[in-house]
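**Student:** Before I ask anything, let me first share the structure, which is written out below as structure tokens.
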Amino acid sequence: MVKYTYKEFKTTLNKLKFPDSWFWSRYTLNTYSGCAHACIYCDARSQRYYLDNFENEVIIKTDFDKKLDQRLKRARTLLPDVIAPGGVNDAYQPIEKKIEHTRKVFQVIAKHKFPINIATKSKLVTRDIDILKQIASETWCAVGFSITTTNQKLAKFLEPYSSSPSERFEALRLIKKEAPEIHVGTYFIPIIPFLEDDDENLEDVFKKTKQAGADFILISPGLTMRDQQAEYFIKKLKNSDYKYVVKPLLNLYKVEMHPPSGYYTKMHSKLYDLAQKYQLPLRINRWIPKDFRQYNYKISEILLNREYLDHITTGKSNNTLKWAGLKLNNLKESIINIYKNGIIYELEGFYKKEIELIVPYLEKIEKKTNLDKFL
Ligand code: SF4
């Protein structure tokens with residue numbers, strides 16, 4: 001039995017130092033604390049979140065919509081950027097159906113014209129298509145359904161109180177049908193070794209994602225196994241029909257809280273091939289603001305996408321490329337002006353190698369070449 005309590009919280013919006021290069025979010029926001037979906041692998045159980053009893057006691061943040069409204073109204077320096085609701089909670093967990101707490105918050109986000117990227121395991125998100133459609137047409141909206149298996153029995157064991165995978169695919173299909181301007185897709189995250197990483201499941205998730213009309217699929221093989229979260233997960237497995245995976249799982253994680261690099265190389269190769277086969281992008285088309293940040297964000301998107309795809313196809317990370325892409329987001333003026341004024345090499349915080357990666361795109365823009373050709 002979940003206990004629900006109301007509590008005042010001071011903070012409504014958290015700003016990230018750099019945008020998240022997967023979800024393109026710059027702000028995070030949690031309408032609830034705790035999550036009654038109670039997925040047995042959830043990272044919220046680890047010590048780093050200090051969330052005691054996170055699945056049995058859910059806190060509803062009092063007057064969150066009003067406080068957010070005030071925050072966005074007063075913040076002259078707060079530039080609109082992508083808000084990601086939910087970190088270690090689902091904005092559409094069961095209580096939301098009754099109290100419409102998240103819905104009211106999303107109305108405020110729509111009012112202030114901020115873009116949004118929602119990750120959920122609930123079909124309830126379809127209730128708010130009207131608001132999400134408005135956000136999508138005025139700025140940008142993405143909805144990603146977290147789906148990691150198409151096996152209903154396994155899903156029920158791993159994510160006991162979420163909508164079933166088939167309901168999530170159906171919700172995805174419905175959103176795409178009723179509001180094609182919303183970017184929809186699957187967050188195939190995490191893909192749990194020995195339970196969900198078999199060829200049949202990988203193929204089925206891609207196939208059903210495609211059939212539902214998705215625009216993207218984001219992938220993340222392996223599960224982080226951290227302190228209490230790992231203990232809880234292993235305990236649940238030991239008492240289940242899936243106890244046979246405990247031994248190989250512990251063996252795979254015997255050195256670190258992640259599988260070894262060879263596991264990722266193998267999995268990325270399979271997942272990349274499936275993305276090609278089903279013609280599903282492994283990235284979401286980013287929201288591009290219409291102000292001075294326009295080209296900063298566009299070039300950043302190109303560089304970060306390139307780094308990601310190189311990484312999953314070669315197994316090697318390119319930190320120079322990544323930092324060039326990330327730092328572009330924090331410039332206080334357009335990179336085009338800086339370039340035209342001949343001071344690109346004086347750019348504070350940028351190293352020569354990073355600038356050399358950006359310059360070819362600036363030259364293309366000068367020659368009025370469409371940057372999409374370089375994606
Ligand atoms: S829906 Fe997300 S936050 Fe909620 S329990 Fe599951 S994994 Fe954790």
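So you can find residues: chains in the structure tokens are A, B, ... in the order shown, residues in each start at 1, and ligands are numbered from 1 in order.
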Please find the residues contacting ligand 1 at a distance of at most 6 Å between atoms, with only C-alpha atoms and all ligand atoms counted, and report them as a CSV table (one decimal) with C-alpha atoms, in the first residue's frame.
**Tutor:**
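result38.csv, written as the output of this step:
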chain,number,residue,atom,x,y,z
A,35,CYS,CA,7.7,6.4,-7.6
A,37,HIS,CA,5.9,2.1,-10.4
A,38,ALA,CA,8.4,0.4,-8.1
A,39,CYS,CA,10.5,-1.1,-10.9
A,42,CYS,CA,15.3,1.3,-10.4
A,88,VAL,CA,13.9,9.1,-10.2
A,89,ASN,CA,10.1,9.2,-10.6
A,90,ASP,CA,7.5,8.9,-13.3
A,121,LYS,CA,6.2,3.9,-18.6
**Student:** Looking only at strand (DSSP E) from DSSP on the backbone, list the matching residues of region 203-360 of chain A as a list in words.
**Tutor:**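 DSSP-assigned strand (DSSP E) residues in region 203-360 of chain A: Phe216, Ile217, Leu218, Ile219, Ser220 and Pro221 of chain A.
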**Student:** Using only C-alpha atoms, which residues sit within 10 Å of Arg103 (chain A) once same-chain residues fewer than 6 positions away are excluded, as a list in words?
**Tutor:**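 Non-adjacent residues within range: Thr31, Asp65, Ala91, Tyr92, Glu96, Lys97, Ile109, Val125, Arg127, Asp128, Ile131 and Leu132 of chain A.
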**Student:** Hey, can you spit out that residue selection with N, CA and C atoms as a PDB file, in the first residue's frame?
**Tutor:**
ATOM      1  N   THR A  31       7.724  16.535 -10.281  1.00  0.00           N
ATOM      2  CA  THR A  31       6.435  16.879  -9.680  1.00  0.00           C
ATOM      3  C   THR A  31       6.168  16.026  -8.441  1.00  0.00           C
ATOM      4  N   ASP A  65       2.568  23.761  -9.465  1.00  0.00           N
ATOM      5  CA  ASP A  65       2.227  24.529 -10.671  1.00  0.00           C
ATOM      6  C   ASP A  65       2.318  26.036 -10.416  1.00  0.00           C
ATOM      7  N   ALA A  91       6.404  10.982 -13.964  1.00  0.00           N
ATOM      8  CA  ALA A  91       5.404  12.054 -13.833  1.00  0.00           C
ATOM      9  C   ALA A  91       3.983  11.526 -14.036  1.00  0.00           C
ATOM     10  N   TYR A  92       3.867  10.309 -14.627  1.00  0.00           N
ATOM     11  CA  TYR A  92       2.551   9.717 -14.860  1.00  0.00           C
ATOM     12  C   TYR A  92       2.341   8.444 -14.034  1.00  0.00           C
ATOM     13  N   GLU A  96      -1.374  10.079 -10.413  1.00  0.00           N
ATOM     14  CA  GLU A  96      -1.575  11.204 -11.337  1.00  0.00           C
ATOM     15  C   GLU A  96      -2.958  11.154 -12.000  1.00  0.00           C
ATOM     16  N   LYS A  97      -3.454   9.963 -12.201  1.00  0.00           N
ATOM     17  CA  LYS A  97      -4.764   9.808 -12.845  1.00  0.00           C
ATOM     18  C   LYS A  97      -5.841  10.518 -12.024  1.00  0.00           C
ATOM     19  N   ILE A 109       4.005  24.978 -18.191  1.00  0.00           N
ATOM     20  CA  ILE A 109       5.119  24.896 -19.155  1.00  0.00           C
ATOM     21  C   ILE A 109       4.644  25.365 -20.535  1.00  0.00           C
ATOM     22  N   VAL A 125      -0.039   9.236 -20.170  1.00  0.00           N
ATOM     23  CA  VAL A 125       0.447  10.431 -20.874  1.00  0.00           C
ATOM     24  C   VAL A 125      -0.495  10.815 -22.032  1.00  0.00           C
ATOM     25  N   ARG A 127      -3.570  11.052 -21.985  1.00  0.00           N
ATOM     26  CA  ARG A 127      -4.623  11.946 -21.483  1.00  0.00           C
ATOM     27  C   ARG A 127      -4.279  13.405 -21.804  1.00  0.00           C
ATOM     28  N   ASP A 128      -2.983  13.723 -21.818  1.00  0.00           N
ATOM     29  CA  ASP A 128      -2.548  15.120 -21.959  1.00  0.00           C
ATOM     30  C   ASP A 128      -2.113  15.479 -23.374  1.00  0.00           C
ATOM     31  N   ILE A 131      -2.364  19.223 -24.340  1.00  0.00           N
ATOM     32  CA  ILE A 131      -1.317  20.155 -23.892  1.00  0.00           C
ATOM     33  C   ILE A 131      -0.009  19.892 -24.652  1.00  0.00           C
ATOM     34  N   LEU A 132       0.307  18.628 -24.810  1.00  0.00           N
ATOM     35  CA  LEU A 132       1.578  18.286 -25.464  1.00  0.00           C
ATOM     36  C   LEU A 132       1.583  18.713 -26.927  1.00  0.00           C
TER      37      LEU A 132
END
**Student:** Expressed in Å to a single decimal, how great is the separation between CA of Phe157 (chain A) and CA of Gln47 (chain A)?
**Tutor:**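 One can read the CA of Phe157 (chain A) to CA of Gln47 (chain A) distance as 23.2 Å.
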**Student:** Using only C-alpha atoms, find the one residue out of A:Lys352, A:Lys340, A:Lys316, A:Lys104 that sits nearest to His268 (chain A).
**Tutor:**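 Under the stated criterion, the closest residue is A:Lys316.
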**Student:** Env of Glu348 (chain A): 12 Å cut, atoms = only C-alpha atoms, seq-sep filter 2 positions within chain, self excluded. Answer as a list in words.
**Tutor:**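 These residues fall inside the cut-off: Lys327, Leu328, Asn330, Leu331, Lys332, Ile338, Ile343, Ile344, Tyr345, Glu346, Phe350, Tyr351, Lys352, Glu354 and Ile355 of chain A.
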**Student:** Would you export the selected residues with C-alpha atoms as a short mmCIF file (atom, residue, chain, number, x, y, z; two decimals), in the first residue's frame, please?
**Tutor:**
data_model
loop_
_atom_site.label_atom_id
_atom_site.label_comp_id
_atom_site.auth_asym_id
_atom_site.auth_seq_id
_atom_site.Cartn_x
_atom_site.Cartn_y
_atom_site.Cartn_z
CA LYS A 327 30.54 24.05 -24.60
CA LEU A 328 28.79 25.59 -27.60
CA ASN A 330 26.91 27.91 -22.99
CA LEU A 331 28.04 30.75 -25.25
CA LYS A 332 26.44 34.10 -24.48
CA ILE A 338 32.32 35.47 -32.93
CA ILE A 343 37.95 36.27 -32.58
CA ILE A 344 37.10 32.59 -32.75
CA TYR A 345 40.54 31.52 -31.47
CA GLU A 346 40.15 33.81 -28.46
CA PHE A 350 37.65 26.43 -25.83
CA TYR A 351 40.88 24.69 -26.83
CA LYS A 352 42.40 24.96 -30.29
CA GLU A 354 37.80 22.00 -30.23
CA ILE A 355 37.64 25.16 -32.33
#
**Student:** Compare A:Tyr232, A:Leu282, A:Met1, A:Ser269 by their minimum atom-to-atom distance to Tyr161 (chain A), counting only C-alpha atoms, and give me the closest one.
**Tutor:** A:Met1
**Student:** Do a neighbour search on Arg283 (chain A) at 8 Å with only C-alpha atoms, toss out local chain neighbours closer than 2 positions, and write the hits as a list of chain:residue names.
**Tutor:**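 These residues fall inside the cut-off: A:Trp22, A:Phe216, A:Ile217, A:Leu218, A:Pro281, A:Asn285, A:Asn305.
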**Student:** Give me the residues within 10 Å of Glu203 (chain A) as a list in words, counting only C-alpha atoms and dropping any in the same chain fewer than 6 places off.
**Tutor:** Thr150, Asp197, Thr209, Lys270, Leu271, Leu274, Ala275, Lys277 and Tyr278 of chain A
**Student:** How about saving the chosen residues, N, CA and C atoms kept, as a PDB file, in the first residue's frame?
**Tutor:**
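Final file, result.pdb:
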ATOM      1  N   THR A 150       9.474  -7.013 -24.675  1.00  0.00           N
ATOM      2  CA  THR A 150       8.112  -7.181 -25.181  1.00  0.00           C
ATOM      3  C   THR A 150       7.449  -8.386 -24.500  1.00  0.00           C
ATOM      4  N   ASP A 197      18.650  -9.055 -23.299  1.00  0.00           N
ATOM      5  CA  ASP A 197      19.619  -8.789 -24.367  1.00  0.00           C
ATOM      6  C   ASP A 197      19.707  -9.901 -25.402  1.00  0.00           C
ATOM      7  N   THR A 209       8.563  -0.910 -32.192  1.00  0.00           N
ATOM      8  CA  THR A 209       8.766   0.544 -32.154  1.00  0.00           C
ATOM      9  C   THR A 209       8.483   1.119 -33.539  1.00  0.00           C
ATOM     10  N   LYS A 270      25.112  -4.949 -32.526  1.00  0.00           N
ATOM     11  CA  LYS A 270      23.800  -5.551 -32.838  1.00  0.00           C
ATOM     12  C   LYS A 270      22.714  -4.476 -32.930  1.00  0.00           C
ATOM     13  N   LEU A 271      22.743  -3.566 -31.983  1.00  0.00           N
ATOM     14  CA  LEU A 271      21.693  -2.541 -31.924  1.00  0.00           C
ATOM     15  C   LEU A 271      21.815  -1.563 -33.094  1.00  0.00           C
ATOM     16  N   LEU A 274      20.345  -3.198 -36.087  1.00  0.00           N
ATOM     17  CA  LEU A 274      18.869  -3.183 -36.039  1.00  0.00           C
ATOM     18  C   LEU A 274      18.324  -1.790 -36.388  1.00  0.00           C
ATOM     19  N   ALA A 275      19.026  -0.777 -35.943  1.00  0.00           N
ATOM     20  CA  ALA A 275      18.589   0.591 -36.257  1.00  0.00           C
ATOM     21  C   ALA A 275      18.629   0.816 -37.765  1.00  0.00           C
ATOM     22  N   LYS A 277      18.443  -1.635 -40.047  1.00  0.00           N
ATOM     23  CA  LYS A 277      17.419  -2.507 -40.635  1.00  0.00           C
ATOM     24  C   LYS A 277      16.032  -1.872 -40.562  1.00  0.00           C
ATOM     25  N   TYR A 278      15.711  -1.296 -39.418  1.00  0.00           N
ATOM     26  CA  TYR A 278      14.359  -0.741 -39.239  1.00  0.00           C
ATOM     27  C   TYR A 278      14.290   0.762 -39.519  1.00  0.00           C
TER      28      TYR A 278
END
**Student:** Pick out the closest residue to Pro94 (chain A) from this set: A:Leu78, A:Ala230, A:Ile118, A:Leu124. Count only C-alpha atoms.
**Tutor:** A:Leu124
**Student:** Between A:Lys254, A:Tyr27, A:Lys17, A:Ile284, which one has atoms that come closest to Met225 (chain A), using only C-alpha atoms?
**Tutor:**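 Closest residue, counting only C-alpha atoms: A:Lys254.
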